[in-house]
Amino acid sequence: AERPYVPAVVIGSGYGAATTALRLGSAGVPTLMLEMGRLWDTAGADGKIFPDMIQPDHRSMWFRTRTEAPLASILWLDLVNRDIKPYAGVLDRMHFDEMDVYVGRGVGGGSLVNGGMAVTPERDYFEEILPRVDAEQMYRRYFPLANRMLGVNSVDRDWFEQCDSYGYARLSRAHADRAGFGTTFVPNVYDFDYLQREEAGEVPKSALGSEVIYGNNYGKRSLDKSYIPAAIGTGNVTLQTLTRVRSFRQEADGTYVLTTERIDELGEVRGVGEVACKHLFLGAGSLGSTELLLRARETGALPELSGELGEQWGPNGNVMLGRANHPWDTTGLVQSGMPALGIDNRADPVNPVFAEIAPVPAGIETWASLYLAITRTRERGRIEYDAATDSARLRWQESQGQPGIDQAKAVFDLINRANGTSYRHDLFGDTRAFENRFTYHPLGGNVLGRVTDDFGRVRGYSNLYVTDGSLIPGSTGVNPFVTITALAERNIERVLAEDF
Ligand code: FAD
């Protein structure tokens with residue numbers, strides 16, 4: 001069969017991949033993007049592209065027979081999840097021994113399913129995790145660039161104070177305040193003007209219509225509304241969806257040859273093919289890119305890959321918890337699915353917690369205040385290659401999550417004490433108050449300056465690059481996508497200047 005050749009291939013279409021594709025295309029490099037999920041641009045029978053969280057259907061999850069939402073239960077009842085038909089849905093929950101990893105599937109990767117919180121990390125912590133990156137340049141040039149390109153905006157403060165949509169956030173702020181904790185507004189890529197018009201009843205509801213994690217039909221500037229159309233608009237970038245890269249090898253002349261598998265939306269394999277390229281960029285996410293490199297090393301295709309592959313993996317200290325409110329403290333029937341406020345205890349050296357005040361967009365009063373706490377610990381796991389199943393395995397023990405729970409507990413014990421409240425024990429399937437057996441923020445595996453050089457070039461081979469969250473060693477202290485984007489902008493600028 002014909003083996004197509006393109007100068008550059010980008011695997012994936014999340015933050016790192018989309019950024020890289022745009023800059024390659026702008027520089028005139030013909031580039032092919034390969035994404036295993038579908039393009040989310042066509043309405044289903046209900047007139048919507050994505051389902052909501054209350055009645056999720058086949059579109060919600062990646063080949064499952066039942067949804068697997070992060071909040072497993074309410075009052076221990078399995079009210080949240082639904083039986084669904086297997087389909088190339090938008091959210092995947094990857095299962096490993098003692099940790100599950102949520103990721104987006106489709107053109108735009110995690111940007112399709114995430115909460116849109118666009119947070120630039122504190123500079124001193126950034127310098128700590130990536131000491132070899134010129135922080136001055138990052139904060140002067142690449143963080144502002146990423147924020148601009150992603151369409152980051154902030155909620156109008158006056159509106160925030162009197163709207164219905166963020167009643168739940170104001171309540172949590174008052175409770176935090178009583179314990180002496182400060183809060184900070186969190187910028188977002190969701191269009192807050194649109195959100196205001198949703199509350200005013202002027203436009204179809206998305207953030208106010210229980211939409212998040214299975215996609216947003218309106219309002220959100222996901223990558224398929226920002227970087228990706230810009231990339232395609234250069235005329236040099238083409239996109240191939242429902243195409244999973246299985247493996248790749250390098251030929252004697254340096255050409256990379258990828259083996260791809262095309263599926264249809266029902267999972268039927270439509271064909272296996274090959275594509276060749278000179279420059280190969282891995283943007284398949286922390287687990288995806290690390291798996292591809294581990295497979296290449298362990299099967300002997302690229303034996304010189306770093307021995308540090310798979311190391312420094314972390315869940316960004318994610319800990320989810322709920323507090324039980326007094327009957328008079330209602331959080332409201334309408335809750336914006338896009339968080340806008342966080343409890344900010346990052347300055348505390350002992351418990352440096354940044355806790356997003358999360359919605360419970362159940363459409364009913366649950367008397368629960370929910371939080372996704374981002375804690376900071378030195379605990380790291382490792383991604384390994386399992387030859388028997390030809391797939392990645394995540395080595396992370398539940399006990400490694402305990403230091404993060406301890407940090408979150410230190411903060412929320414004080415908030416509960418100051419308010420005479422307690423934890424909710426009914427939200428995570430059993431009676432635990434703190435859930436960190438899953439993460440939204442997988443990071444690491446191909447750490448910058450270790451597995452790659454200081455600009456994402458994979459050590460041991462030329463013209464091979466990593467562009468995504470796997471470059472960051474396990475923690476950013478805040479929600480990670482702005483950092484992933486800014487780092488990708490920085491790296492591709494250097495690579496284009498020196499390697500093309
Ligand atoms: P990804 O965005 O994961 O993109 C990787 C892409 O590669 C995917 O589209 C995947 O399908 C594709 N792929 C993988 N393997 C292959 C293969 N072999 N072949 C072809 N394609 C492949 N972060 C924030 O900053 N703020 C938030 O508010 C926030 N909320 C979140 C909420 C949820 C529910 C989730 C799941 C995540 C959230 N995140 C948030 C995290 C954020 O979305 C991720 O950190 C980010 O998407 C990671 O970017 P990436 O470029 O590393 O890869």
# chains A, B, ... in the order shown; residues from 1 in each chain; ligands from 1
>>> residues_near_ligand(ligand="ligand 1", cutoff="7 Å", atoms="only C-alpha atoms and all ligand atoms", output="VMD selection string")
chain A and resid 11 to 17 34 to 37 102 to 111 113 to 119 213 243 to 246 283 to 286 288 to 289 292 440 to 442 468 to 470 479 to 482 484
>>> residues_around(residues="segment 266-274 of chain A", least_positions_apart="2", cutoff="7 Å", atoms="only C-alpha atoms", output="PyMOL selection string")
chain A and resi 3+86-88+257-264+276
>>> closest_atom_pairs(of="segment 315-368 of chain A", to="segment 394-412 of chain A", cutoff="12 Å", atoms="only C-alpha atoms", output="CSV")
residue,atom,partner,partner_atom,distance
A:Pro315,CA,A:Gly401,CA,9.0
A:Asn316,CA,A:Gly404,CA,9.5
A:Gly317,CA,A:Gly404,CA,5.8
A:Asn318,CA,A:Gly404,CA,7.6
A:Val319,CA,A:Ile405,CA,6.4
A:Met320,CA,A:Ala408,CA,9.0
A:Leu321,CA,A:Ala408,CA,8.7
A:Gly322,CA,A:Phe412,CA,9.6
A:Arg323,CA,A:Phe412,CA,8.5
A:Ala324,CA,A:Phe412,CA,11.6
A:Ile343,CA,A:Val411,CA,9.6
A:Asp344,CA,A:Val411,CA,10.2
A:Asn345,CA,A:Val411,CA,8.1
A:Arg346,CA,A:Gln407,CA,11.0
A:Asp348,CA,A:Val411,CA,10.3
A:Pro349,CA,A:Gln407,CA,10.5
A:Val350,CA,A:Gln407,CA,7.7
A:Asn351,CA,A:Gln407,CA,4.9
A:Pro352,CA,A:Gln407,CA,7.4
A:Val353,CA,A:Ala408,CA,6.5
A:Phe354,CA,A:Ala408,CA,9.0
A:Ala355,CA,A:Ala408,CA,8.3
A:Glu356,CA,A:Ala408,CA,11.7
>>> write_last_selection(atoms="N, CA and C atoms", output="compact mmCIF listing (two decimals), in the first residue's frame")
# COMPACT_ATOMS: atom_id res chain seq x y z
N PRO A 315 -0.36 13.21 40.16
CA PRO A 315 -1.75 13.60 39.94
C PRO A 315 -2.02 15.06 40.28
N ASN A 316 -0.98 15.89 40.32
CA ASN A 316 -1.11 17.31 40.68
C ASN A 316 -1.79 17.47 42.04
N GLY A 317 -1.61 16.50 42.90
CA GLY A 317 -2.13 16.59 44.27
C GLY A 317 -3.63 16.70 44.38
N ASN A 318 -4.36 16.24 43.36
CA ASN A 318 -5.83 16.37 43.36
C ASN A 318 -6.47 15.63 44.54
N VAL A 319 -7.30 16.33 45.28
CA VAL A 319 -8.11 15.72 46.35
C VAL A 319 -9.51 16.32 46.26
N MET A 320 -10.52 15.48 46.10
CA MET A 320 -11.88 15.99 46.05
C MET A 320 -12.57 15.75 47.39
N LEU A 321 -13.35 16.71 47.82
CA LEU A 321 -14.08 16.55 49.08
C LEU A 321 -15.33 17.39 49.07
N GLY A 322 -16.27 16.99 49.93
CA GLY A 322 -17.49 17.77 50.08
C GLY A 322 -17.72 18.10 51.54
N ARG A 323 -18.32 19.28 51.78
CA ARG A 323 -18.73 19.66 53.14
C ARG A 323 -20.25 19.67 53.21
N ALA A 324 -20.77 19.31 54.38
CA ALA A 324 -22.22 19.28 54.58
C ALA A 324 -22.66 20.62 55.15
N ILE A 343 -10.21 28.75 47.03
CA ILE A 343 -9.65 29.05 48.36
C ILE A 343 -8.14 28.94 48.22
N ASP A 344 -7.47 30.02 48.57
CA ASP A 344 -6.06 30.13 48.23
C ASP A 344 -5.19 30.12 49.48
N ASN A 345 -4.64 28.97 49.79
CA ASN A 345 -3.74 28.85 50.95
C ASN A 345 -2.33 28.52 50.48
N ARG A 346 -2.00 28.93 49.25
CA ARG A 346 -0.71 28.55 48.67
C ARG A 346 0.48 29.14 49.41
N ASP A 348 0.99 29.21 52.49
CA ASP A 348 1.31 28.43 53.70
C ASP A 348 2.31 27.34 53.33
N PRO A 349 3.52 27.36 53.91
CA PRO A 349 4.52 26.36 53.53
C PRO A 349 4.16 24.93 53.96
N VAL A 350 3.32 24.80 54.98
CA VAL A 350 2.99 23.46 55.49
C VAL A 350 1.83 22.85 54.72
N ASN A 351 0.80 23.63 54.48
CA ASN A 351 -0.38 23.14 53.77
C ASN A 351 -0.71 24.05 52.57
N PRO A 352 0.14 24.03 51.54
CA PRO A 352 -0.04 24.96 50.42
C PRO A 352 -1.14 24.49 49.46
N VAL A 353 -2.38 24.67 49.90
CA VAL A 353 -3.53 24.13 49.17
C VAL A 353 -4.19 25.23 48.32
N PHE A 354 -4.52 24.87 47.10
CA PHE A 354 -5.34 25.73 46.24
C PHE A 354 -6.60 24.94 45.93
N ALA A 355 -7.74 25.36 46.48
CA ALA A 355 -8.96 24.55 46.37
C ALA A 355 -10.00 25.25 45.52
N GLU A 356 -10.23 24.69 44.36
CA GLU A 356 -11.30 25.19 43.49
C GLU A 356 -12.64 24.92 44.17
>>> select_by_dssp(residues="segment 95-142 of chain A", states="strand (DSSP E or B)", output="list in words")
His95, Asp100, Val101, Tyr102, Val103, Gly104 and Met117 of chain A
>>> write_last_selection(atoms="N, CA and C atoms", output="PDB file, in the first residue's frame")
ATOM      1  N   HIS A  95      -8.347   3.304  33.827  1.00  0.00           N
ATOM      2  CA  HIS A  95      -8.231   2.605  35.102  1.00  0.00           C
ATOM      3  C   HIS A  95      -6.845   1.987  35.271  1.00  0.00           C
ATOM      4  N   ASP A 100      -7.145   6.252  38.989  1.00  0.00           N
ATOM      5  CA  ASP A 100      -7.806   6.414  37.693  1.00  0.00           C
ATOM      6  C   ASP A 100      -7.458   7.793  37.150  1.00  0.00           C
ATOM      7  N   VAL A 101      -7.390   7.895  35.836  1.00  0.00           N
ATOM      8  CA  VAL A 101      -7.023   9.157  35.207  1.00  0.00           C
ATOM      9  C   VAL A 101      -8.119   9.555  34.212  1.00  0.00           C
ATOM     10  N   TYR A 102      -8.717  10.718  34.440  1.00  0.00           N
ATOM     11  CA  TYR A 102      -9.697  11.260  33.491  1.00  0.00           C
ATOM     12  C   TYR A 102      -8.979  12.026  32.387  1.00  0.00           C
ATOM     13  N   VAL A 103      -9.377  11.779  31.150  1.00  0.00           N
ATOM     14  CA  VAL A 103      -8.840  12.541  30.016  1.00  0.00           C
ATOM     15  C   VAL A 103      -9.943  12.787  28.991  1.00  0.00           C
ATOM     16  N   GLY A 104      -9.762  13.829  28.205  1.00  0.00           N
ATOM     17  CA  GLY A 104     -10.695  14.116  27.114  1.00  0.00           C
ATOM     18  C   GLY A 104     -10.317  13.334  25.877  1.00  0.00           C
ATOM     19  N   MET A 117     -10.734  26.338  33.865  1.00  0.00           N
ATOM     20  CA  MET A 117      -9.996  27.238  34.767  1.00  0.00           C
ATOM     21  C   MET A 117      -8.581  27.458  34.254  1.00  0.00           C
TER      22      MET A 117
END
>>> closest_residue(among="A:Lys205, A:Asp177, A:Gln250, A:Tyr256", to="Pro303 of chain A", atoms="only C-alpha atoms")
A:Gln250
>>> atom_distance(atom1="atom CA of Phe181 of chain A", atom2="atom CA of Arg424 of chain A")
20.4 Å
>>> select_by_dssp(residues="segment 395-483 of chain A", states="alpha helix (DSSP H)", output="mmCIF file with N, CA and C atoms, in the first residue's frame")
data_model
loop_
_atom_site.group_PDB
_atom_site.id
_atom_site.type_symbol
_atom_site.label_atom_id
_atom_site.label_comp_id
_atom_site.auth_asym_id
_atom_site.auth_seq_id
_atom_site.Cartn_x
_atom_site.Cartn_y
_atom_site.Cartn_z
ATOM 1 N N GLN A 402 -1.941 10.029 50.665
ATOM 2 C CA GLN A 402 -2.248 10.466 52.033
ATOM 3 C C GLN A 402 -1.676 11.845 52.378
ATOM 4 N N PRO A 403 -0.435 12.162 52.026
ATOM 5 C CA PRO A 403 0.063 13.509 52.363
ATOM 6 C C PRO A 403 -0.797 14.627 51.758
ATOM 7 N N GLY A 404 -1.323 14.412 50.579
ATOM 8 C CA GLY A 404 -2.219 15.406 49.968
ATOM 9 C C GLY A 404 -3.522 15.517 50.753
ATOM 10 N N ILE A 405 -4.063 14.368 51.149
ATOM 11 C CA ILE A 405 -5.280 14.385 51.970
ATOM 12 C C ILE A 405 -5.012 15.124 53.285
ATOM 13 N N ASP A 406 -3.853 14.877 53.880
ATOM 14 C CA ASP A 406 -3.521 15.545 55.147
ATOM 15 C C ASP A 406 -3.519 17.070 54.976
ATOM 16 N N GLN A 407 -2.973 17.546 53.861
ATOM 17 C CA GLN A 407 -2.950 18.996 53.617
ATOM 18 C C GLN A 407 -4.363 19.554 53.460
ATOM 19 N N ALA A 408 -5.165 18.861 52.646
ATOM 20 C CA ALA A 408 -6.537 19.335 52.428
ATOM 21 C C ALA A 408 -7.311 19.303 53.742
ATOM 22 N N LYS A 409 -7.106 18.228 54.511
ATOM 23 C CA LYS A 409 -7.833 18.075 55.780
ATOM 24 C C LYS A 409 -7.464 19.188 56.757
ATOM 25 N N ALA A 410 -6.192 19.561 56.780
ATOM 26 C CA ALA A 410 -5.765 20.621 57.694
ATOM 27 C C ALA A 410 -6.543 21.908 57.415
ATOM 28 N N VAL A 411 -6.724 22.212 56.142
ATOM 29 C CA VAL A 411 -7.443 23.435 55.778
ATOM 30 C C VAL A 411 -8.935 23.290 56.072
ATOM 31 N N PHE A 412 -9.533 22.185 55.620
ATOM 32 C CA PHE A 412 -10.986 22.071 55.709
ATOM 33 C C PHE A 412 -11.466 21.699 57.110
ATOM 34 N N ASP A 413 -10.612 21.099 57.931
ATOM 35 C CA ASP A 413 -10.977 20.921 59.347
ATOM 36 C C ASP A 413 -11.219 22.286 59.993
ATOM 37 N N LEU A 414 -10.348 23.241 59.678
ATOM 38 C CA LEU A 414 -10.496 24.581 60.261
ATOM 39 C C LEU A 414 -11.762 25.264 59.740
ATOM 40 N N ILE A 415 -12.049 25.060 58.454
ATOM 41 C CA ILE A 415 -13.264 25.665 57.887
ATOM 42 C C ILE A 415 -14.503 25.040 58.527
ATOM 43 N N ASN A 416 -14.482 23.730 58.687
ATOM 44 C CA ASN A 416 -15.617 23.078 59.348
ATOM 45 C C ASN A 416 -15.771 23.549 60.791
ATOM 46 N N ARG A 417 -14.642 23.656 61.510
ATOM 47 C CA ARG A 417 -14.718 24.056 62.914
ATOM 48 C C ARG A 417 -15.304 25.472 63.033
ATOM 49 N N ALA A 418 -14.857 26.363 62.175
ATOM 50 C CA ALA A 418 -15.312 27.758 62.247
ATOM 51 C C ALA A 418 -16.796 27.890 61.902
ATOM 52 N N ASN A 419 -17.329 26.899 61.180
ATOM 53 C CA ASN A 419 -18.712 27.005 60.734
ATOM 54 C C ASN A 419 -19.641 25.980 61.378
ATOM 55 N N PHE A 481 -3.491 23.598 32.497
ATOM 56 C CA PHE A 481 -3.427 23.742 31.030
ATOM 57 C C PHE A 481 -2.760 25.021 30.533
ATOM 58 N N VAL A 482 -2.800 26.097 31.319
ATOM 59 C CA VAL A 482 -2.099 27.312 30.878
ATOM 60 C C VAL A 482 -0.581 27.054 30.851
ATOM 61 N N THR A 483 -0.111 26.321 31.838
ATOM 62 C CA THR A 483 1.322 26.008 31.898
ATOM 63 C C THR A 483 1.724 25.105 30.725
#
>>> atom_distance(atom1="atom CA of Phe126 of chain A", atom2="atom CA of Asp454 of chain A")
14.7 Å
>>> residues_around(residues="Ser210 of chain A", least_positions_apart="3", cutoff="6 Å", atoms="only C-alpha atoms", output="number ranges by chain")
A: 52-53, 361
>>> write_last_selection(atoms="N, CA and C atoms", output="compact mmCIF listing (two decimals), in the first residue's frame")
# COMPACT_ATOMS: atom_id res chain seq x y z
N ASP A 52 -25.66 16.52 28.62
CA ASP A 52 -25.38 17.15 29.92
C ASP A 52 -25.05 16.09 30.96
N MET A 53 -24.80 16.54 32.20
CA MET A 53 -24.38 15.60 33.24
C MET A 53 -25.56 14.89 33.87
N PRO A 361 -23.63 20.46 39.88
CA PRO A 361 -24.72 20.87 38.97
C PRO A 361 -25.77 19.78 38.81
>>> atom_distance(atom1="atom CA of Leu145 of chain A", atom2="atom CA of Leu22 of chain A")
13.2 Å
>>> closest_residue(among="A:Met33, A:Met99, A:Leu39, A:Val203", to="Val6 of chain A", atoms="only C-alpha atoms")
A:Met33
>>> closest_residue(among="A:Tyr168, A:Phe96, A:Tyr461, A:Tyr139", to="Leu287 of chain A", atoms="only C-alpha atoms")
A:Phe96
>>> closest_atom_pairs(of="segment 139-162 of chain A", to="segment 189-202 of chain A", cutoff="6 Å", atoms="only C-alpha atoms", output="Markdown table")
| residue | atom | partner | partner_atom | distance |
| --- | --- | --- | --- | --- |
| A:Gly151 | CA | A:Val189 | CA | 5.7 |
| A:Val152 | CA | A:Val189 | CA | 4.5 |
| A:Val155 | CA | A:Phe192 | CA | 5.6 |
>>> closest_residue(among="A:Tyr227, A:Phe455, A:Phe185, A:Tyr142", to="Ala18 of chain A", atoms="only C-alpha atoms")
A:Tyr227
>>> residues_around(residues="segment 59-73 of chain A", least_positions_apart="6", cutoff="6 Å", atoms="only C-alpha atoms", output="list of chain:residue names")
A:Asn81, A:Arg82, A:Asp83, A:Ile84, A:Lys85, A:Pro86, A:Tyr87, A:Ala88, A:Gly89, A:Val90, A:Leu91, A:Asp92, A:Tyr214, A:Leu427, A:Phe428, A:Gly429
>>> residues_around(residues="Gly332 of chain A", least_positions_apart="4", cutoff="8 Å", atoms="only C-alpha atoms", output="PyMOL selection string")
chain A and resi 164-165+167-168+364-365
>>> residues_around(residues="Ala207 of chain A", least_positions_apart="6", cutoff="9 Å", atoms="only C-alpha atoms", output="PyMOL selection string")
chain A and resi 190+195+198+216-220+335-338
>>> closest_residue(among="A:Thr42, A:Ser154, A:Thr476, A:Ser247", to="Pro187 of chain A", atoms="only C-alpha atoms")
A:Ser154
